[in-house]
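Q: Supplied structure: data-v9.cif, mmCIF, C-alpha atoms.
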data_work
loop_
_atom_site.label_atom_id
_atom_site.label_comp_id
_atom_site.auth_asym_id
_atom_site.auth_seq_id
_atom_site.Cartn_x
_atom_site.Cartn_y
_atom_site.Cartn_z
CA MET A 1 80.40 101.86 166.11
CA THR A 2 82.21 99.85 163.51
CA PHE A 3 81.05 100.55 160.01
CA VAL A 4 82.74 98.54 157.33
CA ASN A 5 82.30 100.42 154.09
CA GLU A 6 83.33 99.58 150.58
CA GLU A 7 85.98 102.28 150.49
CA SER A 8 87.83 100.60 153.35
CA VAL A 9 87.66 97.24 151.56
CA PHE A 10 88.99 98.66 148.28
CA ARG A 11 91.65 100.69 150.09
CA ALA A 12 92.78 97.60 151.97
CA LEU A 13 92.98 95.57 148.76
CA ALA A 14 94.84 98.29 146.83
CA ASP A 15 98.22 97.28 148.19
CA GLY A 16 100.41 94.39 147.11
CA ALA A 17 101.76 93.64 150.59
CA ARG A 18 98.24 93.41 152.02
CA ARG A 19 97.09 91.16 149.20
CA LYS A 20 100.12 88.98 149.90
CA LEU A 21 99.08 88.77 153.56
CA LEU A 22 95.61 87.63 152.47
CA ASP A 23 97.27 85.08 150.15
CA ARG A 24 99.34 83.77 153.07
CA LEU A 25 96.19 83.36 155.17
CA HIS A 26 94.35 81.77 152.25
CA ALA A 27 97.13 79.18 152.03
CA ASN A 28 97.30 78.69 155.80
CA ASN A 29 94.47 80.21 157.80
CA GLY A 30 94.82 81.16 161.48
CA GLN A 31 98.40 82.46 161.81
CA THR A 32 100.06 84.50 164.53
CA LEU A 33 101.75 87.84 163.84
CA GLY A 34 105.12 86.13 164.20
CA GLN A 35 104.28 83.49 161.61
CA LEU A 36 103.06 86.12 159.15
CA CYS A 37 106.16 88.28 159.69
CA ALA A 38 108.44 85.34 158.91
CA GLU A 39 106.98 85.14 155.39
CA MET A 40 106.88 88.85 154.61
CA ASP A 41 109.60 91.17 153.33
CA CYS A 42 108.69 94.04 155.65
CA THR A 43 109.19 94.83 159.33
CA ARG A 44 107.02 93.57 162.16
CA GLN A 45 105.75 97.13 162.51
CA GLY A 46 104.86 97.21 158.82
CA VAL A 47 103.02 93.89 158.99
CA THR A 48 101.09 95.10 162.07
CA LYS A 49 100.06 98.26 160.23
CA HIS A 50 98.87 96.28 157.21
CA LEU A 51 96.96 93.85 159.43
CA ASN A 52 95.23 96.76 161.19
CA ILE A 53 94.04 98.14 157.84
CA LEU A 54 92.82 94.67 156.81
CA GLU A 55 91.02 94.29 160.15
CA GLU A 56 89.33 97.69 159.78
CA ALA A 57 88.02 96.51 156.41
CA ASN A 58 86.84 93.25 158.06
CA LEU A 59 88.99 91.26 155.63
CA VAL A 60 91.03 89.83 158.50
CA VAL A 61 89.52 88.77 161.83
CA THR A 62 91.30 87.52 164.93
CA VAL A 63 90.55 85.02 167.68
CA TRP A 64 92.54 84.20 170.78
CA ARG A 65 93.54 80.62 171.45
CA GLY A 66 95.28 80.50 174.80
CA ARG A 67 97.94 83.19 174.59
CA GLU A 68 98.06 83.23 170.81
CA LYS A 69 96.23 85.76 168.67
CA LEU A 70 95.37 84.04 165.40
CA HIS A 71 94.58 85.91 162.18
CA TYR A 72 91.97 84.61 159.75
CA LEU A 73 91.05 85.59 156.22
CA ASN A 74 87.43 86.80 156.24
CA PRO A 75 86.10 86.71 152.67
CA VAL A 76 82.55 87.76 153.62
CA PRO A 77 82.92 91.46 152.56
CA ILE A 78 84.37 90.40 149.19
CA HIS A 79 81.47 88.01 148.72
CA GLU A 80 78.95 90.76 149.47
CA MET A 81 80.57 93.05 146.92
CA ALA A 82 80.85 90.37 144.26
CA GLU A 83 77.21 89.38 144.62
CA ARG A 84 76.13 93.00 144.37
CA TRP A 85 77.50 93.31 140.86
CA ILE A 86 77.68 89.80 139.51
CA SER A 87 74.08 88.88 140.26
CA LYS A 88 72.95 92.16 138.68
CA PHE A 89 74.76 91.38 135.44
CA GLU A 90 73.34 87.88 135.57
CA ARG A 91 69.81 89.29 135.91
CA GLN A 92 70.33 91.73 133.05
CA ARG A 93 71.66 88.97 130.82
CA LEU A 94 68.68 86.80 131.64
CA ALA A 95 66.26 89.68 131.14
CA ALA A 96 67.83 90.36 127.73
CA MET A 97 67.50 86.70 126.79
CA HIS A 98 63.89 86.75 127.90
CA GLN A 99 63.19 89.78 125.70
CA LEU A 100 65.00 88.15 122.78
CA LYS A 101 62.90 85.01 123.27
CA GLN A 102 59.70 87.08 123.30
CA ALA A 103 60.80 88.99 120.19
CA LEU A 104 61.65 85.80 118.29
CA GLU A 105 58.47 84.04 119.34
CA GLY A 106 56.52 87.16 118.39
CA ASP A 107 58.03 87.03 114.87
CA ASP A 108 56.77 83.49 114.45
CA ARG A 109 53.17 84.56 114.75
CA MET B 1 95.81 73.53 171.32
CA SER B 2 93.96 73.04 168.04
CA LYS B 3 93.04 76.13 166.08
CA PRO B 4 89.72 76.83 164.35
CA GLU B 5 89.60 76.00 160.64
CA PHE B 6 87.37 79.02 159.83
CA VAL B 7 86.50 82.31 161.50
CA TYR B 8 84.04 84.58 159.69
CA VAL B 9 82.68 87.96 160.73
CA THR B 10 79.81 89.94 159.26
CA TYR B 11 78.11 93.15 160.38
CA ILE B 12 74.33 93.17 159.93
CA ARG B 13 71.96 96.10 160.45
CA THR B 14 69.46 94.30 162.68
CA THR B 15 68.83 93.44 166.33
CA LEU B 16 70.19 90.56 168.40
CA GLU B 17 66.73 88.98 168.66
CA LYS B 18 65.97 89.20 164.93
CA LEU B 19 69.35 87.70 164.05
CA TRP B 20 68.86 84.92 166.60
CA GLU B 21 65.47 84.11 165.07
CA ALA B 22 66.96 84.12 161.58
CA LEU B 23 69.67 81.68 162.67
CA THR B 24 67.43 79.23 164.51
CA LYS B 25 64.01 79.21 162.80
CA ALA B 26 63.31 77.06 159.75
CA GLU B 27 61.17 79.71 158.03
CA PHE B 28 64.30 81.92 157.85
CA THR B 29 67.10 79.37 157.41
CA GLU B 30 65.30 77.94 154.39
CA GLN B 31 65.62 81.27 152.62
CA TYR B 32 69.38 81.91 152.88
CA TRP B 33 70.84 78.43 153.60
CA HIS B 34 70.25 76.54 150.34
CA GLY B 35 66.79 75.48 151.49
CA THR B 36 67.96 74.02 154.80
CA LEU B 37 65.27 73.86 157.51
CA TRP B 38 66.39 74.14 161.13
CA LYS B 39 63.47 72.28 162.62
CA GLY B 40 64.56 71.44 166.16
CA GLU B 41 64.11 73.17 169.46
CA VAL B 42 67.23 75.19 170.26
CA LYS B 43 68.14 74.36 173.84
CA PRO B 44 71.18 72.71 175.44
CA GLY B 45 71.34 68.98 174.74
CA ALA B 46 68.76 69.08 171.93
CA GLU B 47 69.58 67.02 168.83
CA PHE B 48 67.88 67.24 165.46
CA ASP B 49 68.50 66.99 161.73
CA ALA B 50 68.58 70.06 159.52
CA VAL B 51 66.67 68.91 156.44
CA GLN B 52 65.52 69.95 153.01
CA ARG B 53 61.82 70.51 152.35
CA ASP B 54 61.68 67.07 150.68
CA GLY B 55 62.98 65.50 153.90
CA ALA B 56 66.56 64.85 152.79
CA ALA B 57 68.89 65.39 155.75
CA ASN B 58 71.72 67.90 155.36
CA PHE B 59 73.41 67.72 158.76
CA ARG B 60 72.72 66.77 162.36
CA VAL B 61 72.81 69.43 165.04
CA ARG B 62 73.44 68.86 168.74
CA ILE B 63 73.22 72.00 170.85
CA LEU B 64 76.14 72.30 173.29
CA GLU B 65 75.65 75.86 174.56
CA CYS B 66 72.72 78.21 174.16
CA GLU B 67 72.75 81.75 175.56
CA ARG B 68 69.96 83.44 173.67
CA PRO B 69 70.53 85.83 171.92
CA ARG B 70 74.32 86.08 172.18
CA LYS B 71 75.94 82.70 171.83
CA LEU B 72 75.13 79.34 170.28
CA VAL B 73 77.49 76.37 170.10
CA TYR B 74 76.52 73.17 168.31
CA THR B 75 78.08 70.08 166.78
CA PHE B 76 77.74 69.73 163.03
CA LYS B 77 77.58 66.22 161.63
CA ALA B 78 77.33 66.14 157.85
CA LEU B 79 74.71 63.68 156.62
CA SER B 80 74.64 64.47 152.92
CA PHE B 81 78.23 63.51 152.01
CA LYS B 82 78.23 59.94 150.77
CA ALA B 83 82.05 59.98 150.75
CA ALA B 84 82.14 60.38 154.53
CA PRO B 85 78.99 58.94 156.11
CA ASP B 86 80.63 58.16 159.45
CA GLU B 87 82.86 61.19 159.87
CA ALA B 88 82.85 62.57 163.42
CA PRO B 89 81.06 65.90 163.89
CA SER B 90 82.80 69.27 163.87
CA GLN B 91 81.75 72.26 165.97
CA VAL B 92 80.15 75.59 165.06
CA THR B 93 79.93 78.67 167.30
CA TYR B 94 77.89 81.82 166.68
CA ILE B 95 78.75 84.92 168.73
CA LEU B 96 76.39 87.89 168.40
CA GLU B 97 77.46 91.30 169.73
CA PRO B 98 75.60 94.61 169.38
CA ASP B 99 77.72 97.27 167.65
CA GLY B 100 75.85 100.56 167.35
CA GLU B 101 72.93 100.00 164.98
CA GLN B 102 74.43 96.73 163.80
CA VAL B 103 75.14 93.30 165.16
CA ARG B 104 78.61 91.87 164.77
CA MET B 105 78.25 88.17 164.09
CA THR B 106 81.25 85.87 164.45
CA LEU B 107 81.06 82.32 163.13
CA ILE B 108 83.75 79.84 164.16
CA HIS B 109 83.86 76.37 162.58
CA GLU B 110 86.42 74.07 164.19
CA LYS B 111 87.33 70.64 165.50
CA PHE B 112 87.18 68.83 162.18
CA PRO B 113 88.73 65.37 162.43
CA ALA B 114 92.16 64.86 160.85
CA ASP B 115 91.91 64.15 157.10
CA SER B 116 88.32 65.39 157.11
CA LYS B 117 86.45 64.82 153.85
CA VAL B 118 83.66 67.14 154.95
CA LEU B 119 86.00 70.13 155.40
CA PRO B 120 87.02 70.50 151.72
CA ALA B 121 83.40 69.89 150.67
CA ILE B 122 81.92 72.67 152.77
CA GLN B 123 84.74 75.23 152.87
CA GLY B 124 83.77 78.23 150.86
CA GLY B 125 80.09 77.71 151.65
CA TRP B 126 79.79 79.88 154.72
CA PRO B 127 80.66 83.29 153.15
CA GLY B 128 77.77 82.94 150.70
CA ILE B 129 75.35 81.86 153.41
CA LEU B 130 76.39 84.77 155.65
CA ALA B 131 76.16 87.29 152.80
CA SER B 132 72.68 85.99 152.01
CA LEU B 133 71.62 86.12 155.68
CA LYS B 134 72.78 89.76 155.79
CA SER B 135 70.84 90.53 152.62
CA LEU B 136 67.69 88.87 153.98
CA LEU B 137 67.77 90.85 157.24
CA GLU B 138 68.71 94.19 155.67
CA THR B 139 66.63 94.10 152.48
CA GLY B 140 64.05 91.38 153.08
CA LYS B 141 65.50 89.27 150.26
CA PRO B 142 68.18 86.58 150.37
CA LEU B 143 70.76 86.31 147.58
CA SER B 144 69.56 84.20 144.69
CA MET B 145 72.48 81.78 144.77
CA THR B 146 71.72 80.59 148.32
CA SER B 147 67.94 80.56 148.30
CA ALA B 148 67.41 77.42 146.24
CA CYS B 149 67.07 73.92 147.60
CA GLY B 150 70.54 72.46 147.64
CA LYS B 151 71.62 73.87 144.30
CA ARG B 152 72.49 77.17 142.77
CA SER B 153 69.57 78.65 140.94
CA HIS B 154 71.03 81.36 138.75
CA GLN B 155 68.91 80.04 135.90
CA ALA B 156 65.56 79.83 137.62
CA GLU B 157 65.23 82.69 140.04
CA PRO B 158 66.63 85.76 138.29
CA THR B 159 64.36 85.02 135.33
CA ALA B 160 61.35 85.28 137.60
CA ALA B 161 62.79 88.50 139.04
CA ALA B 162 63.36 89.89 135.57
CA ARG B 163 59.75 89.22 134.63
CA ALA B 164 58.42 90.99 137.71
#
Kindly return the structure encoded in the file as structure tokens.
A:
Amino acid sequence: MTFVNEESVFRALADGARRKLLDRLHANNGQTLGQLCAEMDCTRQGVTKHLNILEEANLVVTVWRGREKLHYLNPVPIHEMAERWISKFERQRLAAMHQLKQALEGDDR
Amino acid sequence: MSKPEFVYVTYIRTTLEKLWEALTKAEFTEQYWHGTLWKGEVKPGAEFDAVQRDGAANFRVRILECERPRKLVYTFKALSFKAAPDEAPSQVTYILEPDGEQVRMTLIHEKFPADSKVLPAIQGGWPGILASLKSLLETGKPLSMTSACGKRSHQAEPTAAARA
């Protein structure tokens, strides 16, 4: 069973070469291993290793088109993490404003 | 051979049937898809508009392939972009695969016409919709930013939640 956890996402993102790979896919989505290697400063083996870690974190997904394996940036896990914290802060801010409003309106009476 | 413009994958703790229902029934799509109601019968050849509750059409769906509950392929013709009223439809594929206690859902959006005006307008939308779908199925609640009708509702909804 594949279980994509947050640790694997953070671990995958905690490396400059892997972030660069995501940047390359963000600029041009759906690239082959060969295309990605041409733009990177490390070996084909190194790029493969980084892509495997990104795939395990579900940050990169692949599809076959004919005989080509294409790599895609998958931002869904990042979105899930961002929403988890951002929306919470948003709610707290709004709750605080609501309390402030109640307090100020209460003072008027 | 043309390549897909987007490929997204999400893992959701649910069953194939529940996910299929959530993807194809208006009562669910409305909750996580910016208020969009999937109101047509999902069978090969069927064509219908996905609309807002007020009747405004978002996009037209034509079902190309339907293998409940594992695969759905449909054409997606945007109807709400005034800049491109006559743009040819693109194509969306859902692939659902059981993976232990989860379902691995793959979404492929492809075959946009060259110089598509719809593509830049909708890119970036799917990750939020998928994250909200996952939240709905796993927690019973969609994410606030995708539950409103056609607009982001950070102002309205969290206030109600905060009051509760």
Q: Tell me which protein, DNA and RNA residues are within 10 Å of A:Glu39, counting all atoms listed in the file, leaving out same-chain ones fewer than 6 positions away, and put them as a ChimeraX atom specification.
A: /A:20-21,24
Q: Using only C-alpha atoms, which residues sit within 9 Å of B:Tyr8 once same-chain residues fewer than 3 positions away are excluded, as number ranges by chain?
A: A: 60-61, 72-76; B: 105-109, 126-127, 130
Q: Counting all atoms listed in the file, figure out which residue out of A:Thr48, A:Thr32, A:Thr43, A:Ser8 gets nearest to chain B.
A: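 Of all the options, A:Thr32 lies closest to chain B.
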Q: Draw an axis-aligned box tight on the listed atoms of stretch 29-32 of chain A, then pad every side by 3 Å and write out centre and edge lengths in Å to one decimal as AutoDock Vina command-line options.
A:
--center_x 97.3 --center_y 82.4 --center_z 161.2 --size_x 11.6 --size_y 10.3 --size_z 12.7
Q: Skipping near chain neighbours, those fewer than 2 positions away, what residues fall within 12 Å of A:Asn28 using all atoms listed in the file, listed as a compact mmCIF listing (two decimals) with C-alpha atoms, keeping the file's coordinate frame?
A:
# COMPACT_ATOMS: atom_id res chain seq x y z
CA LEU A 21 99.08 88.77 153.56
CA LEU A 22 95.61 87.63 152.47
CA ASP A 23 97.27 85.08 150.15
CA ARG A 24 99.34 83.77 153.07
CA LEU A 25 96.19 83.36 155.17
CA HIS A 26 94.35 81.77 152.25
CA GLY A 30 94.82 81.16 161.48
CA GLN A 31 98.40 82.46 161.81
CA THR A 32 100.06 84.50 164.53
CA GLN A 35 104.28 83.49 161.61
CA LEU A 36 103.06 86.12 159.15
CA GLU A 39 106.98 85.14 155.39
CA LEU A 70 95.37 84.04 165.40
CA HIS A 71 94.58 85.91 162.18
CA TYR A 72 91.97 84.61 159.75
CA LEU A 73 91.05 85.59 156.22
CA LYS B 3 93.04 76.13 166.08
CA PRO B 4 89.72 76.83 164.35
CA GLU B 5 89.60 76.00 160.64
CA PHE B 6 87.37 79.02 159.83
Q: Can you pull out every residue within 9 Å of B:Tyr32, counting only C-alpha atoms, but drop anything in the same chain fewer than 3 positions away, and send it as number ranges by chain?
A: B: 28-29, 35-36, 128-133, 135-136, 141-148
Q: Selection from above, C-alpha atoms, as a tab-separated table (two decimals), in the coordinates of the input, can you write it?
A:
chain	number	residue	atom	x	y	z
B	28	PHE	CA	64.30	81.92	157.85
B	29	THR	CA	67.10	79.37	157.41
B	35	GLY	CA	66.79	75.48	151.49
B	36	THR	CA	67.96	74.02	154.80
B	128	GLY	CA	77.77	82.94	150.70
B	129	ILE	CA	75.35	81.86	153.41
B	130	LEU	CA	76.39	84.77	155.65
B	131	ALA	CA	76.16	87.29	152.80
B	132	SER	CA	72.68	85.99	152.01
B	133	LEU	CA	71.62	86.12	155.68
B	135	SER	CA	70.84	90.53	152.62
B	136	LEU	CA	67.69	88.87	153.98
B	141	LYS	CA	65.50	89.27	150.26
B	142	PRO	CA	68.18	86.58	150.37
B	143	LEU	CA	70.76	86.31	147.58
B	144	SER	CA	69.56	84.20	144.69
B	145	MET	CA	72.48	81.78	144.77
B	146	THR	CA	71.72	80.59	148.32
B	147	SER	CA	67.94	80.56	148.30
B	148	ALA	CA	67.41	77.42	146.24
Q: As an exercise, work out the distance from atom CA of B:Lys134 to atom CA of B:Ile63 in Å and give it to one decimal place.
A: 23.3 Å
Q: Find the distance between atom CA of B:Leu23 and atom CA of B:Leu79 and write it in Å to one decimal.
A: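 One can read the atom CA of B:Leu23 to atom CA of B:Leu79 distance as 19.6 Å.
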Q: May I ask which of the residues B:Ser80, B:Gln102, B:Gln91, B:Gln31 is the closest one to chain A, counting all atoms listed in the file?
A: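 Between B:Ser80, B:Gln102, B:Gln91, B:Gln31, the residue approaching chain A most closely is B:Gln102.
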Q: For B:Pro69, find every residue with an atom within 8 Å (counting all atoms listed in the file), except residues of its own chain fewer than 5 positions away, and show them as a list in words.
A: Leu16, Glu17, Trp20 and Leu96 of chain B
Q: Could you list, as JSON, numbers by chain, every residue matched by the PyMOL selection byres ((chain B and resi 62) around 6) in this structure?
A: {"B": [46, 47, 61, 63, 74, 75]}
Q: Just give me the gap between atom CA of B:Ala83 and atom CA of B:Trp38 in Å, one decimal is fine.
A: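 Atom-to-atom, atom CA of B:Ala83 to atom CA of B:Trp38, that is 23.5 Å.
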Q: Choose the residue, out of A:His79, A:Lys69, A:Lys101, A:Arg44, that has the smallest atom-to-atom separation from chain B; count all atoms listed in the file.
A: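 Among A:His79, A:Lys69, A:Lys101, A:Arg44, it is A:His79 that comes nearest to chain B.
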Q: To test your reading of the syntax: which residues would the PyMOL selection byres ((chain A and resi 54) around 9) return for the file shown? Reply as a compact mmCIF listing (two decimals) with C-alpha atoms, keeping the file's coordinate frame.
A:
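See out10.txt below for the written result:
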# COMPACT_ATOMS: atom_id res chain seq x y z
CA SER A 8 87.83 100.60 153.35
CA VAL A 9 87.66 97.24 151.56
CA ALA A 12 92.78 97.60 151.97
CA LEU A 13 92.98 95.57 148.76
CA ARG A 18 98.24 93.41 152.02
CA LEU A 22 95.61 87.63 152.47
CA LYS A 49 100.06 98.26 160.23
CA HIS A 50 98.87 96.28 157.21
CA LEU A 51 96.96 93.85 159.43
CA ASN A 52 95.23 96.76 161.19
CA ILE A 53 94.04 98.14 157.84
CA GLU A 55 91.02 94.29 160.15
CA GLU A 56 89.33 97.69 159.78
CA ALA A 57 88.02 96.51 156.41
CA ASN A 58 86.84 93.25 158.06
CA LEU A 59 88.99 91.26 155.63
CA VAL A 60 91.03 89.83 158.50
CA VAL A 61 89.52 88.77 161.83
Q: From the options A:Phe10, A:Gln45, A:Leu33, A:Arg84, which residue's atoms come nearest to chain B, counting all atoms listed in the file?
A: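 Ranked by minimum distance to chain B, first place goes to A:Arg84.
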Q: Find, counting all atoms listed in the file, the residue in B:Glu65, B:Ala78, B:Ile122, B:Gly140 that gets nearest to B:Val51.
A: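 The closest residue to B:Val51 is B:Ala78.
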Q: Would it be fine to have stretch 44-63 of chain B, with N, CA and C atoms, given as a compact mmCIF listing (two decimals), in the first residue's frame?
A:
# COMPACT_ATOMS: atom_id res chain seq x y z
N PRO B 44 -21.89 6.51 -21.66
CA PRO B 44 -21.22 6.88 -22.91
C PRO B 44 -22.15 7.61 -23.87
N GLY B 45 -21.67 8.70 -24.43
CA GLY B 45 -22.44 9.48 -25.39
C GLY B 45 -23.29 10.58 -24.76
N ALA B 46 -23.49 10.52 -23.46
CA ALA B 46 -24.33 11.53 -22.79
C ALA B 46 -23.65 12.90 -22.85
N GLU B 47 -24.47 13.94 -22.99
CA GLU B 47 -23.94 15.31 -23.04
C GLU B 47 -24.80 16.18 -22.15
N PHE B 48 -24.15 16.98 -21.31
CA PHE B 48 -24.90 17.86 -20.42
C PHE B 48 -24.00 19.00 -19.96
N ASP B 49 -24.65 20.05 -19.43
CA ASP B 49 -23.89 21.18 -18.91
C ASP B 49 -23.72 21.04 -17.40
N ALA B 50 -22.53 21.30 -16.93
CA ALA B 50 -22.28 21.41 -15.49
C ALA B 50 -22.56 22.86 -15.13
N VAL B 51 -23.51 23.07 -14.20
CA VAL B 51 -24.02 24.42 -13.95
C VAL B 51 -23.88 24.82 -12.48
N GLN B 52 -24.04 26.11 -12.27
CA GLN B 52 -24.15 26.63 -10.91
C GLN B 52 -25.60 26.51 -10.46
N ARG B 53 -25.84 26.64 -9.16
CA ARG B 53 -27.20 26.53 -8.63
C ARG B 53 -28.14 27.56 -9.28
N ASP B 54 -27.59 28.73 -9.64
CA ASP B 54 -28.43 29.76 -10.27
C ASP B 54 -28.64 29.49 -11.77
N GLY B 55 -28.12 28.39 -12.27
CA GLY B 55 -28.34 28.02 -13.66
C GLY B 55 -27.23 28.40 -14.61
N ALA B 56 -26.31 29.24 -14.16
CA ALA B 56 -25.19 29.64 -15.03
C ALA B 56 -24.33 28.42 -15.38
N ALA B 57 -24.05 28.27 -16.68
CA ALA B 57 -23.30 27.10 -17.13
C ALA B 57 -21.80 27.29 -16.94
N ASN B 58 -21.14 26.30 -16.38
CA ASN B 58 -19.68 26.35 -16.21
C ASN B 58 -18.97 25.71 -17.39
N PHE B 59 -19.36 24.47 -17.70
CA PHE B 59 -18.72 23.76 -18.81
C PHE B 59 -19.65 22.66 -19.29
N ARG B 60 -19.43 22.24 -20.55
CA ARG B 60 -20.25 21.18 -21.13
C ARG B 60 -19.46 19.88 -21.13
N VAL B 61 -20.13 18.83 -20.68
CA VAL B 61 -19.51 17.51 -20.57
C VAL B 61 -20.08 16.60 -21.65
N ARG B 62 -19.21 15.87 -22.34
CA ARG B 62 -19.70 14.78 -23.19
C ARG B 62 -18.91 13.53 -22.81
N ILE B 63 -19.63 12.52 -22.37
CA ILE B 63 -18.98 11.31 -21.86
C ILE B 63 -18.47 10.46 -23.04
